[in-house]
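Scroll down for the structure; my scribbles are underneath it.
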2 protein chains.
Amino acid sequence: MDDHTDHSATRAAGWQLPASIEAVWGVRDRPHKGPKPGLTLGRVVDAAVRVAESEGLAAVSMSRVATELGASTMSLYRYVAAKDELLDLMADQAYGPPPPPPEPGQGWREGLSQWAWALRATYYRNAWALHIPISSLPVTPNQVGWFENGLSSLAATGLMEEVKTSVVLLINTYTRSEATINVNLSAAVQASGMPPDEWMAYYGRLLTTLTDPQRFPAISAAIAAGVFDQADAPDKEFGFGLERILDGIEVLVRASACP
Amino acid sequence: MDDHTDHSATRAAGWQLPASIEAVWGVRDRPHKGPKPGLTLGRVVDAAVRVAESEGLAAVSMSRVATELGASTMSLYRYVAAKDELLDLMADQAYGPPPPPPEPGQGWREGLSQWAWALRATYYRNAWALHIPISSLPVTPNQVGWFENGLSSLAATGLMEEVKTSVVLLINTYTRSEATINVNLSAAVQASGMPPDEWMAYYGRLLTTLTDPQRFPAISAAIAAGVFDQADAPDKEFGFGLERILDGIEVLVRASACP
DNA sequence: CTTTTTTGCGTATGTCATACGCTCTATTGC
DNA sequence: GCAATAGAGCGTATGACATACGCAAAAAAG
């Protein structure tokens with residue numbers, strides 16, 4: 001144990017939790033010696049998020065964030081060891097605090113469903129955050145908070161703890177990737193300047209041209225059935241997949257309930 | 001119709017399929033006028049893939065690929081309009097040709113399951129490709145080929161065409177993101193220098209330190225149950241989710257079979 | 001008051017994507 | 001055949017960007 005904070009669990013051979021992440025968890029820093037910091041980690045992250053919201057994640061450069069704060073580029077490195085750390089903190093900020101836990105009377109399915117929809121809304125609201133690569137298992141407060149909340153819906157089921165975490169991970173994975181696909185897609189549509197329906201129709205025509213019906217019978221059938229005639233409501237698509245997954249989990253819950 | 005190839009379907013107001021992508025589909029270019037190209041699009045993409053395989057996607061710069069080919073940086077721009085296009089073509093190369101379509105006697109579930117596992121193996125084998133952002137719906141030959149193959153498993157079910165595409169999209173989405181998470185994660189573990197089990201144990205200790213059991217009861221329960229004591233086999237985790245999703249789809253298929 | 005730590009920040013380095021324009025080449029229209 | 005022309009390779013900018021390094025000033029500790 002050293003004179004200051006106990007880092008025995010956040011440090012290990014070859015790796016340690018970055019100092020900036022310890023900071024968001026509120027692990028208190030000793031009162032400093034040198035000059036007072038002119039900024040705070042929070043202000044840096046907020047500024048970065050502001051830039052990402054208004055100009056996209058690609059616009060988030062150290063110098064852009066610095067000018068946003070009226071500081072110099074290099075001063076940011078007193079709060080964050082590298083840009084990657086800043087991105088991780090921005091991602092945590094994007095999650096925000098998780099929604100309130102499900103009410104006691106609610107079933108697991110309803111709880112998980114609401115959780116997934118809330119998560120999805122968060123991803124859509126902060127589309128820029130989807131471009132930040134996932135660098136490890138959740139270690140930031142809001143991310144862990146969402147995980148906790150997801151798990152809590154399953155508390156009353158008889159599932160094994162290991163299975164519960166798998167389920168929550170599964171739904172998070174699904175939700176994130178559905179959001180990623182749609183965000184990228186709508187960016188592409190936007191870039192084309194066409195209205196979504198028209199773009200979809202164009203895509204259908206494109207496939208028709210490119211795919212030989214002999215080699216691509218299933219796709220041709222889909223085209224013929226008019227699948228690509230108009231853009232599907234993304235909500236519908238997401239709901240479809242979610243219900244399928246929940247159906248699958250229901251099978252599992254039932255099996256574990258009546259042995 | 002103009003003097004050369006018919007582009008009426010690959011061009012549209014405000015957007016057109018990039019020339020390099022038309023090229024991989026084998027849309028023939030008119031016999032050229034100027035000097036003979038010293039390279040081919042295929043060689044450029046191959047070189048880029050070789051770099052990505054041996055040094056990671058981050059090492060793929062235009063100049064690195066050029067030196068790989070013994071050419072100058074700028075010469076690559078005769079084959080590809082921008083780096084993004086090169087990345088899209090690399091991604092298509094990573095998919096490779098889809099596995100053979102399911103045998104006639106096989107059920108949809110077995111077919112889709114095999115498809116998903118094959119897709120997953122492909123993602124794992126070419127982990128670098130997961131870092132390439134998805135820029136639109138599938139338009140490259142191998143990607144479309146995989147899509148076709150996935151759909152073909154569902155041909156015999158009575159599902160509507162629209163639902164079939166949703167199902168295939170769902171499984172692809174799930175598979176891709178599971179792979180993404182595990183690839184990133186194992187990169188993080190690798191970077192730490194610890195063996196996976198030890199890393200997981202460390203992560204458990206980390207969570208224990210950071211999470212107050214009052215505010216994070218569900219996570220604390222998971223920790224107490226030893227969920228984080230050892231790294232799960234990623235195959236198990238993937239199989240779990242996949243079976244859940246297939247269970248969900250089975251519900252759907254049954255419902256549409258006996259109305 | 002001196003030592004130590006820590007801050008802000010100027011400067012420098014190396015990497016990248018890519019615009020531009022020059023030269024040279026092979027095909028095409030005459 | 002021959003000139004016009006589209007295209008090929010590529011050298012040379014240009015303007016970002018992340019970040020290493022080091023200095024000078026500030027504040028707490030002794």
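Just remember, in the structure tokens the first chain shown is A, the second B, etc., residues are 1-based per chain, and ligands are 1-based in the order shown.
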
Superposed chain B (on chain A, all in-order C-alpha pairs) as an mmCIF file with C-alpha atoms, in the first residue's frame:
```cif
data_model
loop_
_atom_site.group_PDB
_atom_site.id
_atom_site.type_symbol
_atom_site.label_atom_id
_atom_site.label_comp_id
_atom_site.auth_asym_id
_atom_site.auth_seq_id
_atom_site.Cartn_x
_atom_site.Cartn_y
_atom_site.Cartn_z
ATOM 1 C CA MET B 1 -0.745 -0.070 0.488
ATOM 2 C CA ASP B 2 1.081 3.102 -0.470
ATOM 3 C CA ASP B 3 0.812 6.642 0.772
ATOM 4 C CA HIS B 4 -1.957 7.628 -1.604
ATOM 5 C CA THR B 5 -4.780 5.811 -3.320
ATOM 6 C CA ASP B 6 -4.838 2.045 -3.434
ATOM 7 C CA HIS B 7 -4.118 1.060 -6.986
ATOM 8 C CA SER B 8 -3.552 -2.590 -6.313
ATOM 9 C CA ALA B 9 -6.622 -3.595 -8.302
ATOM 10 C CA THR B 10 -6.418 -1.067 -11.100
ATOM 11 C CA ARG B 11 -2.774 -1.845 -11.788
ATOM 12 C CA ALA B 12 -1.396 -5.169 -12.837
ATOM 13 C CA ALA B 13 1.624 -6.597 -14.525
ATOM 14 C CA GLY B 14 1.988 -4.974 -17.899
ATOM 15 C CA TRP B 15 -1.207 -2.976 -17.853
ATOM 16 C CA GLN B 16 -3.025 -0.427 -15.812
ATOM 17 C CA LEU B 17 -6.273 1.378 -16.059
ATOM 18 C CA PRO B 18 -5.465 4.735 -17.636
ATOM 19 C CA ALA B 19 -5.299 7.544 -15.105
ATOM 20 C CA SER B 20 -7.998 9.480 -16.920
ATOM 21 C CA ILE B 21 -10.430 6.600 -16.512
ATOM 22 C CA GLU B 22 -9.611 6.304 -12.845
ATOM 23 C CA ALA B 23 -10.421 9.987 -12.701
ATOM 24 C CA VAL B 24 -13.965 9.619 -14.115
ATOM 25 C CA TRP B 25 -14.640 6.974 -11.512
ATOM 26 C CA GLY B 26 -13.835 9.630 -8.965
ATOM 27 C CA VAL B 27 -10.743 7.910 -7.653
ATOM 28 C CA ARG B 28 -9.391 10.951 -5.873
ATOM 29 C CA ASP B 29 -6.100 12.310 -6.813
ATOM 30 C CA ARG B 30 -3.772 13.555 -4.113
ATOM 31 C CA PRO B 31 -3.895 17.332 -3.706
ATOM 32 C CA HIS B 32 -1.446 18.546 -6.300
ATOM 33 C CA LYS B 33 1.793 20.293 -5.917
ATOM 34 C CA GLY B 34 2.330 22.340 -9.053
ATOM 35 C CA PRO B 35 0.175 25.128 -10.442
ATOM 36 C CA LYS B 36 -3.595 24.745 -10.554
ATOM 37 C CA PRO B 37 -4.948 23.071 -13.655
ATOM 38 C CA GLY B 38 -6.683 25.570 -15.896
ATOM 39 C CA LEU B 39 -9.046 22.937 -17.220
ATOM 40 C CA THR B 40 -10.643 19.786 -15.945
ATOM 41 C CA LEU B 41 -10.900 16.407 -17.580
ATOM 42 C CA GLY B 42 -14.642 16.922 -17.690
ATOM 43 C CA ARG B 43 -14.359 20.148 -19.606
ATOM 44 C CA VAL B 44 -12.020 18.561 -22.108
ATOM 45 C CA VAL B 45 -14.368 15.667 -22.717
ATOM 46 C CA ASP B 46 -17.370 17.989 -22.954
ATOM 47 C CA ALA B 47 -15.621 20.119 -25.519
ATOM 48 C CA ALA B 48 -14.699 17.072 -27.563
ATOM 49 C CA VAL B 49 -18.267 15.834 -27.447
ATOM 50 C CA ARG B 50 -19.520 19.242 -28.528
ATOM 51 C CA VAL B 51 -17.240 19.114 -31.544
ATOM 52 C CA ALA B 52 -18.315 15.584 -32.386
ATOM 53 C CA GLU B 53 -21.972 16.526 -32.159
ATOM 54 C CA SER B 54 -21.727 19.547 -34.369
ATOM 55 C CA GLU B 55 -19.063 18.499 -36.843
ATOM 56 C CA GLY B 56 -18.778 14.746 -36.602
ATOM 57 C CA LEU B 57 -16.233 12.507 -34.970
ATOM 58 C CA ALA B 58 -13.768 12.991 -37.791
ATOM 59 C CA ALA B 59 -13.526 16.660 -36.860
ATOM 60 C CA VAL B 60 -12.396 15.799 -33.361
ATOM 61 C CA SER B 61 -8.695 16.499 -33.442
ATOM 62 C CA MET B 62 -6.634 17.500 -30.486
ATOM 63 C CA SER B 63 -6.157 20.936 -31.919
ATOM 64 C CA ARG B 64 -9.828 21.391 -32.726
ATOM 65 C CA VAL B 65 -10.803 20.462 -29.190
ATOM 66 C CA ALA B 66 -8.144 22.762 -27.821
ATOM 67 C CA THR B 67 -9.388 25.785 -29.753
ATOM 68 C CA GLU B 68 -12.880 24.930 -28.563
ATOM 69 C CA LEU B 69 -11.525 25.450 -25.070
ATOM 70 C CA GLY B 70 -9.350 28.418 -25.873
ATOM 71 C CA ALA B 71 -6.311 26.398 -24.881
ATOM 72 C CA SER B 72 -3.316 25.095 -26.747
ATOM 73 C CA THR B 73 -3.221 21.716 -28.398
ATOM 74 C CA MET B 74 -0.578 20.295 -26.136
ATOM 75 C CA SER B 75 -2.235 21.334 -22.921
ATOM 76 C CA LEU B 76 -4.816 18.599 -23.449
ATOM 77 C CA TYR B 77 -2.146 16.002 -22.903
ATOM 78 C CA ARG B 78 -2.066 17.008 -19.256
ATOM 79 C CA TYR B 79 -5.526 15.504 -18.905
ATOM 80 C CA VAL B 80 -5.353 12.596 -21.266
ATOM 81 C CA ALA B 81 -2.387 10.465 -22.210
ATOM 82 C CA ALA B 82 -3.425 9.954 -25.805
ATOM 83 C CA LYS B 83 -6.287 10.663 -28.132
ATOM 84 C CA ASP B 84 -7.605 7.124 -27.713
ATOM 85 C CA GLU B 85 -8.263 7.798 -24.071
ATOM 86 C CA LEU B 86 -10.207 10.895 -24.942
ATOM 87 C CA LEU B 87 -12.282 8.861 -27.356
ATOM 88 C CA ASP B 88 -13.044 6.257 -24.700
ATOM 89 C CA LEU B 89 -14.210 8.970 -22.355
ATOM 90 C CA MET B 90 -16.322 10.535 -25.072
ATOM 91 C CA ALA B 91 -17.938 7.165 -25.639
ATOM 92 C CA ASP B 92 -18.784 6.914 -21.981
ATOM 93 C CA GLN B 93 -20.275 10.379 -22.075
ATOM 94 C CA ALA B 94 -22.383 9.328 -25.041
ATOM 95 C CA TYR B 95 -23.915 6.468 -23.109
ATOM 96 C CA GLY B 96 -24.914 8.797 -20.354
ATOM 97 C CA PRO B 97 -26.543 7.440 -17.202
ATOM 98 C CA PRO B 98 -28.609 4.315 -17.849
ATOM 99 C CA PRO B 99 -32.408 4.499 -17.709
ATOM 100 C CA PRO B 100 -34.084 3.739 -14.380
ATOM 101 C CA PRO B 101 -34.102 0.041 -13.529
ATOM 102 C CA PRO B 102 -37.266 -1.937 -14.350
ATOM 103 C CA GLU B 103 -40.127 -1.738 -11.897
ATOM 104 C CA PRO B 104 -40.456 -4.764 -9.612
ATOM 105 C CA GLY B 105 -43.666 -6.054 -11.161
ATOM 106 C CA GLN B 106 -42.290 -6.072 -14.642
ATOM 107 C CA GLY B 107 -41.292 -9.247 -16.428
ATOM 108 C CA TRP B 108 -37.763 -9.812 -17.652
ATOM 109 C CA ARG B 109 -38.821 -9.590 -21.260
ATOM 110 C CA GLU B 110 -40.418 -6.217 -20.977
ATOM 111 C CA GLY B 111 -37.483 -4.943 -18.985
ATOM 112 C CA LEU B 112 -34.903 -6.121 -21.481
ATOM 113 C CA SER B 113 -36.938 -4.837 -24.374
ATOM 114 C CA GLN B 114 -37.183 -1.379 -22.882
ATOM 115 C CA TRP B 115 -33.511 -1.491 -22.083
ATOM 116 C CA ALA B 116 -32.641 -2.374 -25.661
ATOM 117 C CA TRP B 117 -34.840 0.344 -27.121
ATOM 118 C CA ALA B 118 -33.369 2.908 -24.761
ATOM 119 C CA LEU B 119 -29.883 1.810 -25.676
ATOM 120 C CA ARG B 120 -30.737 2.058 -29.307
ATOM 121 C CA ALA B 121 -32.130 5.551 -28.878
ATOM 122 C CA THR B 122 -28.889 6.523 -27.183
ATOM 123 C CA TYR B 123 -26.821 5.142 -30.019
ATOM 124 C CA TYR B 124 -28.907 6.974 -32.566
ATOM 125 C CA ARG B 125 -28.823 10.212 -30.624
ATOM 126 C CA ASN B 126 -25.039 10.033 -30.485
ATOM 127 C CA ALA B 127 -24.308 8.434 -33.788
ATOM 128 C CA TRP B 128 -20.754 9.720 -33.756
ATOM 129 C CA ALA B 129 -19.988 7.458 -30.805
ATOM 130 C CA LEU B 130 -20.536 4.384 -32.949
ATOM 131 C CA HIS B 131 -17.388 5.231 -34.852
ATOM 132 C CA ILE B 132 -15.290 4.912 -31.734
ATOM 133 C CA PRO B 133 -13.778 1.438 -31.675
ATOM 134 C CA ILE B 134 -14.465 -0.695 -28.622
ATOM 135 C CA SER B 135 -11.151 -1.159 -26.937
ATOM 136 C CA SER B 136 -11.962 -3.569 -24.125
ATOM 137 C CA LEU B 137 -14.681 -4.805 -21.820
ATOM 138 C CA PRO B 138 -16.705 -2.053 -20.150
ATOM 139 C CA VAL B 139 -14.595 -0.130 -17.648
ATOM 140 C CA THR B 140 -16.133 3.344 -17.690
ATOM 141 C CA PRO B 141 -18.920 4.277 -15.245
ATOM 142 C CA ASN B 142 -21.820 4.752 -17.611
ATOM 143 C CA GLN B 143 -20.968 1.691 -19.603
ATOM 144 C CA VAL B 144 -20.806 -0.390 -16.468
ATOM 145 C CA GLY B 145 -24.043 1.268 -15.350
ATOM 146 C CA TRP B 146 -25.869 0.182 -18.474
ATOM 147 C CA PHE B 147 -24.523 -3.306 -18.023
ATOM 148 C CA GLU B 148 -25.790 -3.377 -14.459
ATOM 149 C CA ASN B 149 -29.209 -2.246 -15.551
ATOM 150 C CA GLY B 150 -29.448 -4.844 -18.247
ATOM 151 C CA LEU B 151 -28.510 -7.571 -15.815
ATOM 152 C CA SER B 152 -31.026 -6.396 -13.261
ATOM 153 C CA SER B 153 -33.905 -7.263 -15.599
ATOM 154 C CA LEU B 154 -32.846 -10.866 -15.438
ATOM 155 C CA ALA B 155 -32.425 -11.021 -11.688
ATOM 156 C CA ALA B 156 -35.705 -12.819 -11.078
ATOM 157 C CA THR B 157 -35.188 -15.451 -13.756
ATOM 158 C CA GLY B 158 -33.554 -18.663 -12.709
ATOM 159 C CA LEU B 159 -30.790 -18.307 -15.255
ATOM 160 C CA MET B 160 -27.226 -18.871 -14.203
ATOM 161 C CA GLU B 161 -25.176 -15.744 -13.702
ATOM 162 C CA GLU B 162 -22.973 -16.649 -16.579
ATOM 163 C CA VAL B 163 -25.954 -16.949 -18.882
ATOM 164 C CA LYS B 164 -27.354 -13.634 -17.740
ATOM 165 C CA THR B 165 -24.210 -11.836 -18.725
ATOM 166 C CA SER B 166 -24.226 -13.621 -22.056
ATOM 167 C CA VAL B 167 -27.778 -12.495 -22.683
ATOM 168 C CA VAL B 168 -27.064 -8.875 -21.880
ATOM 169 C CA LEU B 169 -23.929 -8.939 -23.977
ATOM 170 C CA LEU B 170 -25.889 -10.441 -26.833
ATOM 171 C CA ILE B 171 -28.563 -7.789 -26.818
ATOM 172 C CA ASN B 172 -26.047 -5.008 -26.492
ATOM 173 C CA THR B 173 -24.073 -6.412 -29.368
ATOM 174 C CA TYR B 174 -27.114 -6.716 -31.538
ATOM 175 C CA THR B 175 -28.331 -3.243 -30.716
ATOM 176 C CA ARG B 176 -25.031 -1.606 -31.300
ATOM 177 C CA SER B 177 -24.478 -3.204 -34.637
ATOM 178 C CA GLU B 178 -27.966 -2.544 -35.895
ATOM 179 C CA ALA B 179 -27.423 1.084 -35.017
ATOM 180 C CA THR B 180 -24.029 1.102 -36.669
ATOM 181 C CA ILE B 181 -25.362 -0.285 -39.894
ATOM 182 C CA ASN B 182 -28.244 2.126 -40.061
ATOM 183 C CA VAL B 183 -26.181 5.129 -39.166
ATOM 184 C CA ASN B 184 -23.629 4.328 -41.843
ATOM 185 C CA LEU B 185 -26.326 3.578 -44.308
ATOM 186 C CA SER B 186 -28.250 6.731 -43.755
ATOM 187 C CA ALA B 187 -25.020 8.672 -44.015
ATOM 188 C CA ALA B 188 -24.507 7.106 -47.433
ATOM 189 C CA VAL B 189 -28.059 7.949 -48.465
ATOM 190 C CA GLN B 190 -27.627 11.463 -47.197
ATOM 191 C CA ALA B 191 -24.404 11.833 -49.135
ATOM 192 C CA SER B 192 -26.126 10.733 -52.309
ATOM 193 C CA GLY B 193 -28.649 13.521 -52.026
ATOM 194 C CA MET B 194 -31.543 11.239 -52.912
ATOM 195 C CA PRO B 195 -34.587 10.680 -50.731
ATOM 196 C CA PRO B 196 -34.364 7.286 -48.984
ATOM 197 C CA ASP B 197 -37.058 5.549 -51.017
ATOM 198 C CA GLU B 198 -35.480 6.614 -54.250
ATOM 199 C CA TRP B 199 -32.092 5.455 -53.054
ATOM 200 C CA MET B 200 -33.486 2.067 -52.160
ATOM 201 C CA ALA B 201 -35.138 1.751 -55.549
ATOM 202 C CA TYR B 202 -31.843 2.661 -57.124
ATOM 203 C CA TYR B 203 -30.132 -0.010 -55.067
ATOM 204 C CA GLY B 204 -32.667 -2.558 -56.288
ATOM 205 C CA ARG B 205 -31.991 -1.618 -59.896
ATOM 206 C CA LEU B 206 -28.286 -1.804 -59.233
ATOM 207 C CA LEU B 207 -28.565 -5.345 -57.874
ATOM 208 C CA THR B 208 -30.717 -6.329 -60.816
ATOM 209 C CA THR B 209 -28.013 -5.209 -63.196
ATOM 210 C CA LEU B 210 -25.149 -6.786 -61.310
ATOM 211 C CA THR B 211 -26.646 -10.137 -60.374
ATOM 212 C CA ASP B 212 -27.252 -12.857 -62.863
ATOM 213 C CA PRO B 213 -30.529 -14.632 -61.914
ATOM 214 C CA GLN B 214 -28.840 -18.007 -62.552
ATOM 215 C CA ARG B 215 -26.104 -17.451 -60.045
ATOM 216 C CA PHE B 216 -28.161 -15.340 -57.659
ATOM 217 C CA PRO B 217 -31.631 -16.896 -57.651
ATOM 218 C CA ALA B 218 -32.481 -16.032 -54.060
ATOM 219 C CA ILE B 219 -31.546 -12.399 -54.467
ATOM 220 C CA SER B 220 -33.434 -12.209 -57.724
ATOM 221 C CA ALA B 221 -36.495 -13.592 -55.974
ATOM 222 C CA ALA B 222 -36.189 -10.947 -53.299
ATOM 223 C CA ILE B 223 -35.914 -8.231 -55.877
ATOM 224 C CA ALA B 224 -38.874 -9.602 -57.792
ATOM 225 C CA ALA B 225 -40.916 -9.615 -54.604
ATOM 226 C CA GLY B 226 -40.241 -5.914 -54.284
ATOM 227 C CA VAL B 227 -38.155 -6.129 -51.158
ATOM 228 C CA PHE B 228 -35.992 -3.242 -52.324
ATOM 229 C CA ASP B 229 -38.791 -1.087 -53.644
ATOM 230 C CA GLN B 230 -38.799 1.118 -50.619
ATOM 231 C CA ALA B 231 -36.720 1.810 -47.584
ATOM 232 C CA ASP B 232 -37.919 -0.093 -44.574
ATOM 233 C CA ALA B 233 -38.549 1.793 -41.412
ATOM 234 C CA PRO B 234 -35.379 1.030 -39.441
ATOM 235 C CA ASP B 235 -37.446 0.729 -36.262
ATOM 236 C CA LYS B 236 -39.358 -2.139 -37.748
ATOM 237 C CA GLU B 237 -36.214 -3.940 -38.733
ATOM 238 C CA PHE B 238 -34.717 -3.521 -35.275
ATOM 239 C CA GLY B 239 -37.890 -4.601 -33.542
ATOM 240 C CA PHE B 240 -38.025 -7.676 -35.696
ATOM 241 C CA GLY B 241 -34.560 -8.811 -34.740
ATOM 242 C CA LEU B 242 -35.022 -7.964 -31.105
ATOM 243 C CA GLU B 243 -38.232 -9.941 -30.818
ATOM 244 C CA ARG B 244 -36.518 -12.894 -32.453
ATOM 245 C CA ILE B 245 -33.701 -12.761 -29.951
ATOM 246 C CA LEU B 246 -36.098 -12.373 -27.037
ATOM 247 C CA ASP B 247 -38.086 -15.329 -28.336
ATOM 248 C CA GLY B 248 -34.893 -17.300 -28.246
ATOM 249 C CA ILE B 249 -34.121 -16.243 -24.721
ATOM 250 C CA GLU B 250 -37.650 -17.078 -23.678
ATOM 251 C CA VAL B 251 -37.026 -20.647 -24.761
ATOM 252 C CA LEU B 252 -34.057 -20.643 -22.457
ATOM 253 C CA VAL B 253 -35.832 -19.094 -19.499
ATOM 254 C CA ARG B 254 -38.707 -21.568 -19.769
ATOM 255 C CA ALA B 255 -36.291 -24.473 -19.941
ATOM 256 C CA SER B 256 -34.515 -23.353 -16.801
ATOM 257 C CA ALA B 257 -37.790 -22.682 -14.988
ATOM 258 C CA CYS B 258 -39.332 -26.165 -15.266
ATOM 259 C CA PRO B 259 -36.599 -28.764 -14.984
#
```

I need the chain D residues near chain A as a list in words; criterion: at most 9 Å, counting only C-alpha atoms (C1' of nucleotides).
DC17, DA18, DT19, DA25, DA26, DA27, DA28 and DA29 of chain D

Please save N, CA and C atoms (P, O5', C5', C4', C3', O3' and C1' of nucleotides) of the selected residues as a compact mmCIF listing (two decimals), in the first residue's frame.
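Result file follows (again_18.txt):
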```txt
# COMPACT_ATOMS: atom_id res chain seq x y z
P DC D 17 -7.03 18.41 -38.46
O5' DC D 17 -6.14 17.27 -37.81
C5' DC D 17 -6.00 16.02 -38.49
C4' DC D 17 -4.88 15.23 -37.86
C3' DC D 17 -4.68 15.49 -36.37
O3' DC D 17 -5.11 14.36 -35.66
C1' DC D 17 -2.61 15.36 -37.55
P DA D 18 -5.25 14.47 -34.10
O5' DA D 18 -3.94 13.63 -33.71
C5' DA D 18 -3.91 12.26 -34.04
C4' DA D 18 -2.60 11.67 -33.58
C3' DA D 18 -2.36 11.78 -32.07
O3' DA D 18 -1.71 10.59 -31.63
C1' DA D 18 -0.65 12.95 -33.24
P DT D 19 -1.62 10.38 -30.07
O5' DT D 19 -0.17 10.96 -29.78
C5' DT D 19 0.95 10.42 -30.48
C4' DT D 19 2.16 11.29 -30.28
C3' DT D 19 2.42 11.74 -28.83
O3' DT D 19 3.80 11.59 -28.55
C1' DT D 19 2.62 13.53 -30.25
P DA D 25 9.57 32.78 -16.78
O5' DA D 25 8.15 32.75 -16.09
C5' DA D 25 6.99 32.48 -16.87
C4' DA D 25 6.00 31.70 -16.02
C3' DA D 25 5.87 32.21 -14.57
O3' DA D 25 4.49 32.27 -14.26
C1' DA D 25 6.35 29.90 -14.57
P DA D 26 4.00 32.93 -12.85
O5' DA D 26 3.40 31.66 -12.11
C5' DA D 26 2.26 31.02 -12.66
C4' DA D 26 1.91 29.82 -11.79
C3' DA D 26 1.70 30.17 -10.32
O3' DA D 26 0.59 29.43 -9.86
C1' DA D 26 3.37 28.51 -10.53
P DA D 27 -0.39 30.14 -8.74
O5' DA D 27 -0.30 29.06 -7.56
C5' DA D 27 -0.70 27.73 -7.83
C4' DA D 27 0.12 26.77 -7.01
C3' DA D 27 0.08 27.04 -5.50
O3' DA D 27 -0.35 25.85 -4.88
C1' DA D 27 2.28 26.59 -6.24
P DA D 28 -1.39 26.00 -3.65
O5' DA D 28 -0.81 24.88 -2.66
C5' DA D 28 -0.72 23.55 -3.14
C4' DA D 28 0.64 22.97 -2.81
C3' DA D 28 0.93 22.79 -1.32
O3' DA D 28 1.13 21.41 -1.11
C1' DA D 28 2.81 23.64 -2.49
P DA D 29 1.12 20.82 0.42
O5' DA D 29 2.52 20.06 0.51
C5' DA D 29 3.45 20.21 -0.59
C4' DA D 29 4.82 19.67 -0.17
C3' DA D 29 4.96 19.35 1.31
O3' DA D 29 5.93 18.30 1.47
C1' DA D 29 6.28 21.27 0.75
```

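The chain C residues that come within 7 Å of chain A are C:DT5, C:DT6, C:DT7, C:DG8, C:DC9, with only C-alpha atoms (C1' of nucleotides) taken into account.
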
Export C-alpha atoms (C1' of nucleotides) of the chosen residues as a short mmCIF file (atom, residue, chain, number, x, y, z; two decimals), in the first residue's frame?
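Below you can see again12.cif, which holds the result:
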```cif
data_model
loop_
_atom_site.label_atom_id
_atom_site.label_comp_id
_atom_site.auth_asym_id
_atom_site.auth_seq_id
_atom_site.Cartn_x
_atom_site.Cartn_y
_atom_site.Cartn_z
"C1'" DT C 5 6.26 18.92 -8.76
"C1'" DT C 6 3.22 20.00 -12.25
"C1'" DT C 7 1.13 23.23 -15.49
"C1'" DG C 8 0.67 25.54 -20.10
"C1'" DC C 9 2.47 25.69 -24.31
#
```

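Around DC30 (chain C), within 12 Å and counting only C-alpha atoms (C1' of nucleotides), the residues found are DG1, DC2, DA3 and DA4 of chain D, once anything fewer than 6 positions away on its own chain is removed.
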
With N, CA and C atoms (P, O5', C5', C4', C3', O3' and C1' of nucleotides) retained, could you export that selection as a PDB file, in the first residue's frame?
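selection_4.pdb, written as the output of this step:
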```pdb
ATOM      1  P    DG D   1       4.290   3.508 -94.673  1.00  0.00           P
ATOM      2  O5'  DG D   1       3.393   4.279 -93.661  1.00  0.00           O
ATOM      3  C5'  DG D   1       3.999   5.142 -92.743  1.00  0.00           C
ATOM      4  C4'  DG D   1       3.306   6.496 -92.900  1.00  0.00           C
ATOM      5  C3'  DG D   1       3.570   7.395 -91.710  1.00  0.00           C
ATOM      6  O3'  DG D   1       3.589   8.727 -92.176  1.00  0.00           O
ATOM      7  C1'  DG D   1       1.267   7.021 -91.879  1.00  0.00           C
ATOM      8  P    DC D   2       4.628   9.766 -91.453  1.00  0.00           P
ATOM      9  O5'  DC D   2       3.732  11.080 -91.377  1.00  0.00           O
ATOM     10  C5'  DC D   2       2.318  10.972 -91.652  1.00  0.00           C
ATOM     11  C4'  DC D   2       1.512  11.830 -90.681  1.00  0.00           C
ATOM     12  C3'  DC D   2       2.277  12.266 -89.421  1.00  0.00           C
ATOM     13  O3'  DC D   2       1.734  13.495 -88.993  1.00  0.00           O
ATOM     14  C1'  DC D   2       0.496  10.906 -88.776  1.00  0.00           C
ATOM     15  P    DA D   3       2.663  14.593 -88.236  1.00  0.00           P
ATOM     16  O5'  DA D   3       1.567  15.399 -87.438  1.00  0.00           O
ATOM     17  C5'  DA D   3       0.421  15.901 -88.114  1.00  0.00           C
ATOM     18  C4'  DA D   3      -0.822  15.700 -87.252  1.00  0.00           C
ATOM     19  C3'  DA D   3      -0.721  16.345 -85.865  1.00  0.00           C
ATOM     20  O3'  DA D   3      -1.964  16.957 -85.585  1.00  0.00           O
ATOM     21  C1'  DA D   3      -1.216  14.038 -85.650  1.00  0.00           C
ATOM     22  P    DA D   4      -2.041  18.187 -84.549  1.00  0.00           P
ATOM     23  O5'  DA D   4      -3.254  17.700 -83.639  1.00  0.00           O
ATOM     24  C5'  DA D   4      -4.418  17.187 -84.288  1.00  0.00           C
ATOM     25  C4'  DA D   4      -5.142  16.216 -83.360  1.00  0.00           C
ATOM     26  C3'  DA D   4      -5.293  16.715 -81.920  1.00  0.00           C
ATOM     27  O3'  DA D   4      -6.647  16.512 -81.545  1.00  0.00           O
ATOM     28  C1'  DA D   4      -4.338  14.552 -81.930  1.00  0.00           C
TER      29       DA D   4
END
```

Just want the 10 Å neighbourhood of DG30 (chain D), counted on only C-alpha atoms (C1' of nucleotides), with same-chain residues fewer than 5 positions away dropped. Output as number ranges by chain.
C: 2-4

For those residues, write C-alpha atoms (C1' of nucleotides) to a file as a PDB file, in the first residue's frame.
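Here's the written file result19.pdb:
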```pdb
ATOM      1  C1'  DT C   2      14.457  26.816  -1.672  1.00  0.00           C
ATOM      2  C1'  DT C   3      13.225  22.540  -3.612  1.00  0.00           C
ATOM      3  C1'  DT C   4      10.035  19.790  -6.076  1.00  0.00           C
TER       4       DT C   4
END
```
